[in-house]
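For reference, the structure is listed below as structure tokens.
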Amino acid sequence: MAQSDTVDRILDAAEELFAERGFAETSLRMITSKAGVNLAAVNYHFGSKNALIQSVFARFLTPYSSTLDAEFDELEARPGDRALTVEEILGALTGSAVRMPQRNERGISIFMRLLGLAYTQSQGHLREYLEDEYKDIFNRFMALLKQATPELSPVDRYWRIQFMLGATAFTMSSSDALRDILQTKTGVETPIQEIAARLIPFLAAGMQAPDLMLVPRPEASATGNNRSAG
């Protein structure tokens, strides 16, 4: 078995098992069994389980970051001196993901499931790795988004980004099931590219919506005045 083939088989097995079971619940023995390799091969190529987890993410995120960076370059090189719109930024984000070469048809779904797990399970080493390894493209994305939403406070922007990531992670990680449900009910097939395209206006509207919850409601003020008067 060639070295590159061994590495790919280990990463493929780890990726699927982590997505199905979670990081802590997946043992190296499970991974070696699924990959058809011995434990020595995992130790030789990766050194530790944490390093293997990081490599699973790097296999997608490293080429994705390069693609996204080039997409931002192209958008900013367009004629005219204006900030990118939220729709353009999100279009680059989702478009770069769906254009990535996929090893299998569930590639995007699996990765988005893993991304969600990275922030819901106790994987401090992974969050530190992602923040350090991909800080340049993340900072560029954040700077562009800040330019596109000057009306938002840092706190508002932070939470809206979290809501946006949550909606994206759920939709894309559940895309197979959601597509099956729609096809069963309507007979309509939905390619992954269409799902990503439908997400963009929804997410953009959420990022730019007026924050009505923080504005005092007239009826609430009136009720308070009435109670005071009583």
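Each chain in the structure tokens gets a letter, A, B, ..., in the order shown, and its residues are numbered from 1; ligands are numbered from 1 in order too.
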Name all residues at most 10 Å from region 27-35 of chain A (count only C-alpha atoms; drop same-chain ones fewer than 5 positions away) and give them as a ChimeraX atom specification. /A:6-18,21-22,40-43,48-49,52
Pull C-alpha atoms from the residues just selected and write them as a short mmCIF file (atom, residue, chain, number, x, y, z; two decimals), in the first residue's frame.
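As a result, again-v8.cif now contains:
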```cif
data_model
loop_
_atom_site.label_atom_id
_atom_site.label_comp_id
_atom_site.auth_asym_id
_atom_site.auth_seq_id
_atom_site.Cartn_x
_atom_site.Cartn_y
_atom_site.Cartn_z
CA THR A 6 -2.48 4.78 3.59
CA VAL A 7 -2.82 8.37 4.80
CA ASP A 8 -5.99 8.91 2.75
CA ARG A 9 -7.58 5.72 4.04
CA ILE A 10 -6.86 6.67 7.63
CA LEU A 11 -8.23 10.20 7.10
CA ASP A 12 -11.33 8.91 5.27
CA ALA A 13 -12.09 6.46 8.08
CA ALA A 14 -11.42 9.01 10.81
CA GLU A 15 -13.56 11.65 9.09
CA GLU A 16 -16.59 9.37 8.81
CA LEU A 17 -16.29 7.92 12.31
CA PHE A 18 -15.75 11.29 13.97
CA ARG A 21 -19.78 9.09 16.74
CA GLY A 22 -17.95 12.21 17.89
CA ALA A 40 1.54 1.63 14.02
CA ALA A 41 0.54 3.24 10.72
CA VAL A 42 -1.56 5.86 12.54
CA ASN A 43 1.23 6.58 14.99
CA SER A 48 -1.41 11.16 18.15
CA LYS A 49 -5.18 11.21 18.02
CA LEU A 52 -5.14 13.07 13.43
#
```
Would you kindly return, as a PyMOL selection string, each protein, DNA or RNA residue with an atom no farther than 9 Å from any atom of Ala19 (chain A), considering only C-alpha atoms and excluding same-chain residues fewer than 4 positions away? chain A and resi 14-15+23+110-114+117
Write the selection just made, keeping N, CA, C and O atoms, as a PDB file, in the first residue's frame?
```pdb
ATOM      1  N   ALA A  14     -11.304   8.132   9.656  1.00  0.00           N
ATOM      2  CA  ALA A  14     -11.420   9.015  10.815  1.00  0.00           C
ATOM      3  C   ALA A  14     -12.514  10.053  10.600  1.00  0.00           C
ATOM      4  O   ALA A  14     -13.322  10.332  11.507  1.00  0.00           O
ATOM      5  N   GLU A  15     -12.568  10.619   9.417  1.00  0.00           N
ATOM      6  CA  GLU A  15     -13.557  11.648   9.091  1.00  0.00           C
ATOM      7  C   GLU A  15     -14.971  11.116   9.280  1.00  0.00           C
ATOM      8  O   GLU A  15     -15.818  11.744   9.921  1.00  0.00           O
ATOM      9  N   PHE A  23     -15.738  12.850  18.591  1.00  0.00           N
ATOM     10  CA  PHE A  23     -14.292  12.675  18.732  1.00  0.00           C
ATOM     11  C   PHE A  23     -13.920  11.756  19.894  1.00  0.00           C
ATOM     12  O   PHE A  23     -13.127  10.840  19.744  1.00  0.00           O
ATOM     13  N   ILE A 110     -20.483  15.863   5.719  1.00  0.00           N
ATOM     14  CA  ILE A 110     -19.617  15.309   6.754  1.00  0.00           C
ATOM     15  C   ILE A 110     -18.766  16.403   7.384  1.00  0.00           C
ATOM     16  O   ILE A 110     -18.648  16.492   8.611  1.00  0.00           O
ATOM     17  N   PHE A 111     -18.181  17.251   6.549  1.00  0.00           N
ATOM     18  CA  PHE A 111     -17.307  18.274   7.097  1.00  0.00           C
ATOM     19  C   PHE A 111     -18.073  19.267   7.958  1.00  0.00           C
ATOM     20  O   PHE A 111     -17.587  19.698   9.016  1.00  0.00           O
ATOM     21  N   MET A 112     -19.270  19.666   7.547  1.00  0.00           N
ATOM     22  CA  MET A 112     -20.043  20.615   8.338  1.00  0.00           C
ATOM     23  C   MET A 112     -20.467  19.999   9.671  1.00  0.00           C
ATOM     24  O   MET A 112     -20.542  20.690  10.692  1.00  0.00           O
ATOM     25  N   ARG A 113     -20.713  18.700   9.667  1.00  0.00           N
ATOM     26  CA  ARG A 113     -20.998  18.003  10.916  1.00  0.00           C
ATOM     27  C   ARG A 113     -19.770  18.072  11.838  1.00  0.00           C
ATOM     28  O   ARG A 113     -19.885  18.354  13.030  1.00  0.00           O
ATOM     29  N   LEU A 114     -18.608  17.839  11.272  1.00  0.00           N
ATOM     30  CA  LEU A 114     -17.369  17.907  12.050  1.00  0.00           C
ATOM     31  C   LEU A 114     -17.134  19.311  12.596  1.00  0.00           C
ATOM     32  O   LEU A 114     -16.701  19.482  13.738  1.00  0.00           O
ATOM     33  N   LEU A 117     -19.208  19.848  15.584  1.00  0.00           N
ATOM     34  CA  LEU A 117     -18.678  19.107  16.729  1.00  0.00           C
ATOM     35  C   LEU A 117     -17.459  19.793  17.330  1.00  0.00           C
ATOM     36  O   LEU A 117     -17.218  19.699  18.532  1.00  0.00           O
TER      37      LEU A 117
END
```
Of the residues A:Gln147, A:Ser109, A:Phe46, A:Asp81, which is the one nearest to Ser174 (chain A), using only C-alpha atoms?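 Looking at the shortest contact to Ser174 (chain A), the residue is A:Ser109.
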Within region 35-227 of chain A, find each residue whose DSSP state, derived from the backbone, is helix (DSSP H, G or I), and express the selection as an MDAnalysis selection string. chainID A and resid 35 39:45 49:76 86:98 107:120 124:133 135:148 154:173 175:186 192:208 212:214 218:227
Just want the 10 Å neighbourhood of Leu90 (chain A), counted on only C-alpha atoms, with same-chain residues fewer than 4 positions away dropped. Output as a PyMOL selection string. chain A and resi 85-86+94-96+141+145+196-197+199-201+203-204
Output all heavy atoms for every residue in the selection just made, as a CSV table (one decimal), in the first residue's frame.
```
chain,number,residue,atom,x,y,z
A,85,THR,N,-20.5,43.7,-0.6
A,85,THR,CA,-21.8,43.5,0.1
A,85,THR,C,-21.8,42.2,0.9
A,85,THR,O,-20.9,41.3,0.7
A,85,THR,CB,-23.0,43.5,-0.9
A,85,THR,OG1,-22.8,42.3,-1.7
A,85,THR,CG2,-23.0,44.7,-1.8
A,86,VAL,N,-22.7,42.1,1.9
A,86,VAL,CA,-22.8,40.9,2.7
A,86,VAL,C,-23.1,39.7,1.7
A,86,VAL,O,-22.5,38.6,1.9
A,86,VAL,CB,-23.9,41.0,3.7
A,86,VAL,CG1,-24.2,39.7,4.4
A,86,VAL,CG2,-23.6,42.1,4.7
A,94,THR,N,-19.8,30.4,0.7
A,94,THR,CA,-20.5,29.1,0.3
A,94,THR,C,-20.1,28.6,-1.0
A,94,THR,O,-19.9,27.4,-1.2
A,94,THR,CB,-22.0,29.4,0.4
A,94,THR,OG1,-22.3,30.4,-0.6
A,94,THR,CG2,-22.4,29.7,1.7
A,95,GLY,N,-19.8,29.5,-2.0
A,95,GLY,CA,-19.4,29.1,-3.3
A,95,GLY,C,-18.1,28.4,-3.4
A,95,GLY,O,-17.9,27.4,-4.1
A,96,SER,N,-17.2,28.9,-2.6
A,96,SER,CA,-15.9,28.2,-2.5
A,96,SER,C,-16.0,26.8,-1.9
A,96,SER,O,-15.3,25.9,-2.3
A,96,SER,CB,-14.9,29.1,-1.6
A,96,SER,OG,-14.6,30.3,-2.2
A,141,PHE,N,-12.0,37.7,6.4
A,141,PHE,CA,-13.4,37.5,6.3
A,141,PHE,C,-14.1,38.5,7.3
A,141,PHE,O,-15.0,39.2,7.0
A,141,PHE,CB,-13.8,36.1,6.6
A,141,PHE,CG,-15.3,35.9,6.9
A,141,PHE,CD1,-16.2,36.0,6.0
A,141,PHE,CD2,-15.7,35.6,8.2
A,141,PHE,CE1,-17.6,35.9,6.2
A,141,PHE,CE2,-17.0,35.4,8.5
A,141,PHE,CZ,-18.0,35.6,7.5
A,145,LEU,N,-16.6,41.6,6.5
A,145,LEU,CA,-17.9,41.6,7.0
A,145,LEU,C,-18.2,42.9,7.9
A,145,LEU,O,-19.3,43.5,7.9
A,145,LEU,CB,-18.1,40.4,7.9
A,145,LEU,CG,-19.6,40.0,8.1
A,145,LEU,CD1,-20.3,39.7,6.8
A,145,LEU,CD2,-19.6,38.7,8.9
A,196,ALA,N,-26.9,25.8,-1.2
A,196,ALA,CA,-25.9,26.9,-0.8
A,196,ALA,C,-26.4,28.3,-1.4
A,196,ALA,O,-26.4,29.3,-0.6
A,196,ALA,CB,-24.6,26.6,-1.4
A,197,ALA,N,-26.9,28.3,-2.6
A,197,ALA,CA,-27.4,29.5,-3.2
A,197,ALA,C,-28.6,30.1,-2.4
A,197,ALA,O,-28.8,31.3,-2.3
A,197,ALA,CB,-27.7,29.3,-4.7
A,199,LEU,N,-29.2,29.6,0.7
A,199,LEU,CA,-28.8,30.1,2.0
A,199,LEU,C,-28.4,31.5,2.0
A,199,LEU,O,-28.6,32.2,3.0
A,199,LEU,CB,-27.7,29.2,2.5
A,199,LEU,CG,-27.9,28.1,3.5
A,199,LEU,CD1,-26.6,27.3,3.7
A,199,LEU,CD2,-28.5,28.6,4.8
A,200,ILE,N,-27.8,32.0,1.0
A,200,ILE,CA,-27.1,33.3,1.0
A,200,ILE,C,-28.1,34.4,1.3
A,200,ILE,O,-27.9,35.2,2.2
A,200,ILE,CB,-26.4,33.5,-0.4
A,200,ILE,CG1,-25.2,32.6,-0.5
A,200,ILE,CG2,-25.9,35.0,-0.5
A,200,ILE,CD1,-24.6,32.6,-1.9
A,201,PRO,N,-29.3,34.6,0.6
A,201,PRO,CA,-30.2,35.7,0.9
A,201,PRO,C,-30.7,35.6,2.3
A,201,PRO,O,-31.0,36.6,3.0
A,201,PRO,CB,-31.2,35.6,-0.2
A,201,PRO,CG,-31.2,34.2,-0.7
A,201,PRO,CD,-29.7,33.8,-0.6
A,203,LEU,N,-29.2,34.2,5.0
A,203,LEU,CA,-28.2,34.6,6.0
A,203,LEU,C,-27.9,36.1,5.9
A,203,LEU,O,-27.7,36.8,6.9
A,203,LEU,CB,-26.9,33.9,5.7
A,203,LEU,CG,-27.0,32.3,5.8
A,203,LEU,CD1,-25.7,31.7,5.4
A,203,LEU,CD2,-27.4,31.9,7.2
A,204,ALA,N,-27.9,36.7,4.7
A,204,ALA,CA,-27.6,38.1,4.5
A,204,ALA,C,-28.7,38.9,5.1
A,204,ALA,O,-28.4,40.0,5.8
A,204,ALA,CB,-27.5,38.4,3.0
```
Please provide the set of residues having any atom within 10 Å of region 58-62 of chain A, restricted to only C-alpha atoms, with same-chain residues fewer than 5 positions apart removed, written as a list in words. Asp8, Leu11, Leu52, Ile53, Thr67, Leu68, Ala97, Met100, Pro101, Gln102, Gly107, Ile108, Phe111, Tyr129, Leu130, Glu133 and Tyr134 of chain A
Would you compute the distance between CA of Ile192 (chain A) and CA of Leu93 (chain A)? Give it in Å to one decimal. 14.2 Å
